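Participant: Below is one structure. I have some questions about it.
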Amino acid sequence: MGNFTEDLKTAVITTKYIIDQSSVILHVYHYEDGSWQFNGNEKNLEDADYKVVSLGEILAIDKTLSEVGDTPLGFEAIRKTKDDKWRVISGN
């Protein structure tokens with residue numbers, strides 16, 4: 001696994017729970033269009049729960065994300081807890 005190739009100013013999607021650091025990033029989605037999304041374990045999220053931040057901001061919140069920067073398009077990286085290793089799986 002490797003670092004992100006995108007500029008640190010690249011816009012990514014996350015949730016307000018990640019931003020306020022009450023939630024741990026457990027799901028990373030790398031969509032077919034090249035966009036990234038970083039989620040915790042919250043369910044039933046509404047539009048107002050999502051935030052757009054820079055890739056640099058997300059990497060500052062969780063340094064282990066550098067391990068999933070080479071996740072292929074259409075795949076996701078998951079883990080059960082902050083201490084678990086990232087696993088890359090098909091997003092289909």
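Within each chain, counting starts at residue 1; across the structure tokens, chains are named A, B, ... in the order shown, with ligands numbered 1 upward in that order.
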Which polymer residues have any atom within 12 Å of an atom of Ser66 in chain A, counting only C-alpha atoms, with same-chain residues fewer than 5 positions away left out, as a PyMOL selection string?

Facilitator: chain A and resi 1-6+8+28+55-56+58-61+71+77+86

Participant: If you count only C-alpha atoms, which residues fall within 12 Å of Asp33 in chain A, apart from same-chain ones fewer than 4 positions away, as a PyMOL selection string?

Facilitator: chain A and resi 29+37+72-75

Participant: Please produce a file of those selected residues containing all heavy atoms, as a PDB file, in the first residue's frame.

Facilitator:
ATOM      1  N   TYR A  29     -13.539   5.064   0.552  1.00  0.00           N
ATOM      2  CA  TYR A  29     -14.050   4.728  -0.770  1.00  0.00           C
ATOM      3  C   TYR A  29     -13.274   5.496  -1.825  1.00  0.00           C
ATOM      4  O   TYR A  29     -13.113   6.707  -1.700  1.00  0.00           O
ATOM      5  CB  TYR A  29     -15.538   5.086  -0.877  1.00  0.00           C
ATOM      6  CG  TYR A  29     -16.378   4.451   0.194  1.00  0.00           C
ATOM      7  CD1 TYR A  29     -16.680   5.140   1.362  1.00  0.00           C
ATOM      8  CD2 TYR A  29     -16.870   3.155   0.042  1.00  0.00           C
ATOM      9  CE1 TYR A  29     -17.452   4.553   2.364  1.00  0.00           C
ATOM     10  CE2 TYR A  29     -17.641   2.564   1.042  1.00  0.00           C
ATOM     11  CZ  TYR A  29     -17.933   3.272   2.190  1.00  0.00           C
ATOM     12  OH  TYR A  29     -18.691   2.684   3.175  1.00  0.00           O
ATOM     13  N   GLN A  37     -13.925   9.257  -0.405  1.00  0.00           N
ATOM     14  CA  GLN A  37     -14.826   9.496   0.718  1.00  0.00           C
ATOM     15  C   GLN A  37     -14.298   8.736   1.922  1.00  0.00           C
ATOM     16  O   GLN A  37     -13.871   7.585   1.807  1.00  0.00           O
ATOM     17  CB  GLN A  37     -16.244   9.051   0.378  1.00  0.00           C
ATOM     18  CG  GLN A  37     -17.230   9.352   1.491  1.00  0.00           C
ATOM     19  CD  GLN A  37     -18.658   9.105   1.050  1.00  0.00           C
ATOM     20  OE1 GLN A  37     -19.003   9.251  -0.117  1.00  0.00           O
ATOM     21  NE2 GLN A  37     -19.496   8.737   1.993  1.00  0.00           N
ATOM     22  N   PRO A  72      -7.227   1.080  -5.622  1.00  0.00           N
ATOM     23  CA  PRO A  72      -7.662   1.256  -7.016  1.00  0.00           C
ATOM     24  C   PRO A  72      -9.045   1.906  -7.122  1.00  0.00           C
ATOM     25  O   PRO A  72      -9.859   1.824  -6.193  1.00  0.00           O
ATOM     26  CB  PRO A  72      -7.715  -0.179  -7.560  1.00  0.00           C
ATOM     27  CG  PRO A  72      -6.875  -0.986  -6.630  1.00  0.00           C
ATOM     28  CD  PRO A  72      -6.993  -0.323  -5.291  1.00  0.00           C
ATOM     29  N   LEU A  73      -9.305   2.523  -8.260  1.00  0.00           N
ATOM     30  CA  LEU A  73     -10.630   3.077  -8.527  1.00  0.00           C
ATOM     31  C   LEU A  73     -11.686   1.989  -8.383  1.00  0.00           C
ATOM     32  O   LEU A  73     -11.487   0.851  -8.833  1.00  0.00           O
ATOM     33  CB  LEU A  73     -10.692   3.650  -9.941  1.00  0.00           C
ATOM     34  CG  LEU A  73      -9.814   4.850 -10.241  1.00  0.00           C
ATOM     35  CD1 LEU A  73      -9.912   5.193 -11.730  1.00  0.00           C
ATOM     36  CD2 LEU A  73     -10.199   6.043  -9.401  1.00  0.00           C
ATOM     37  N   GLY A  74     -12.802   2.323  -7.746  1.00  0.00           N
ATOM     38  CA  GLY A  74     -13.882   1.362  -7.582  1.00  0.00           C
ATOM     39  C   GLY A  74     -13.701   0.415  -6.412  1.00  0.00           C
ATOM     40  O   GLY A  74     -14.524  -0.466  -6.193  1.00  0.00           O
ATOM     41  N   PHE A  75     -12.651   0.600  -5.631  1.00  0.00           N
ATOM     42  CA  PHE A  75     -12.388  -0.250  -4.476  1.00  0.00           C
ATOM     43  C   PHE A  75     -12.557   0.560  -3.197  1.00  0.00           C
ATOM     44  O   PHE A  75     -12.674   1.781  -3.222  1.00  0.00           O
ATOM     45  CB  PHE A  75     -10.973  -0.824  -4.537  1.00  0.00           C
ATOM     46  CG  PHE A  75     -10.822  -1.981  -5.478  1.00  0.00           C
ATOM     47  CD1 PHE A  75     -10.944  -1.791  -6.854  1.00  0.00           C
ATOM     48  CD2 PHE A  75     -10.565  -3.254  -4.997  1.00  0.00           C
ATOM     49  CE1 PHE A  75     -10.806  -2.854  -7.726  1.00  0.00           C
ATOM     50  CE2 PHE A  75     -10.416  -4.318  -5.876  1.00  0.00           C
ATOM     51  CZ  PHE A  75     -10.543  -4.121  -7.245  1.00  0.00           C
TER      52      PHE A  75
END

Participant: Rank nothing, just name the residue among A:Val12, A:Asp84, A:Ile19, A:Asp70 nearest to Trp36 in chain A, using only C-alpha atoms.

Facilitator: A:Val12

Participant: Measuring atom to atom with only C-alpha atoms, identify which of A:Val24, A:Ser90, A:Thr15, A:Lys9 is nearest to Ala48 in chain A.

Facilitator: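 With only C-alpha atoms as the atom set, the closest residue is A:Thr15.
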
Participant: Return the single residue from A:Asn44, A:Lys85, A:Lys51, A:Arg79 that is closest to Leu26 in chain A, with distances computed using only C-alpha atoms.

Facilitator: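 So, comparing all the options, the nearest one is A:Arg79.
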
Participant: Using only C-alpha atoms, can you tell me which of A:Thr10, A:Tyr17, A:Ile89, A:Lys63 comes closest to Lys43 in chain A?

Facilitator: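 Going through A:Thr10, A:Tyr17, A:Ile89, A:Lys63 one by one, the smallest distance to Lys43 in chain A is for A:Tyr17.
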
Participant: Give the answer as one residue: which of A:Lys82, A:Ala11, A:Glu57, A:Asp47 has the shortest atom-to-atom distance to Ser23 in chain A, using only C-alpha atoms?

Facilitator: A:Lys82

Participant: Just list as a compact mmCIF listing (two decimals) with C-alpha atoms, in the first residue's frame whatever in chain A DSSP marks as strand (DSSP E).

Facilitator:
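Written out: part10.txt:
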# COMPACT_ATOMS: atom_id res chain seq x y z
CA ALA A 11 -11.39 18.06 -2.12
CA VAL A 12 -12.63 14.87 -0.45
CA ILE A 13 -15.87 13.92 1.29
CA THR A 14 -16.16 12.98 4.93
CA THR A 15 -18.61 13.47 7.79
CA HIS A 27 -14.23 3.13 5.57
CA VAL A 28 -12.38 4.70 2.63
CA TYR A 29 -14.05 4.73 -0.77
CA HIS A 30 -12.16 5.46 -3.99
CA TRP A 36 -12.48 9.88 -2.26
CA GLN A 37 -14.83 9.50 0.72
CA PHE A 38 -13.85 8.82 4.34
CA ASN A 39 -16.48 7.55 6.80
CA TYR A 50 -21.36 15.25 5.04
CA LYS A 51 -18.54 17.77 4.70
CA VAL A 52 -16.05 18.61 1.97
CA VAL A 53 -12.48 19.06 3.21
CA SER A 54 -9.01 18.80 1.72
CA PHE A 75 -12.39 -0.25 -4.48
CA GLU A 76 -12.60 0.54 -0.79
CA ALA A 77 -10.42 0.10 2.26
CA ILE A 78 -11.98 -1.02 5.51
CA ARG A 87 -8.01 -4.22 4.05
CA VAL A 88 -8.65 -3.24 0.41
CA ILE A 89 -11.73 -4.90 -1.12
CA SER A 90 -13.73 -4.55 -4.32

Participant: Interatomic distance between CA of Gly69 in chain A and CA of Glu32 in chain A?

Facilitator: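 Going from CA of Gly69 in chain A over to CA of Glu32 in chain A covers 14.5 Å.
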
Participant: State, in Å with one decimal place, the distance from CA of Glu67 in chain A to CA of Lys80 in chain A.

Facilitator: 15.6 Å
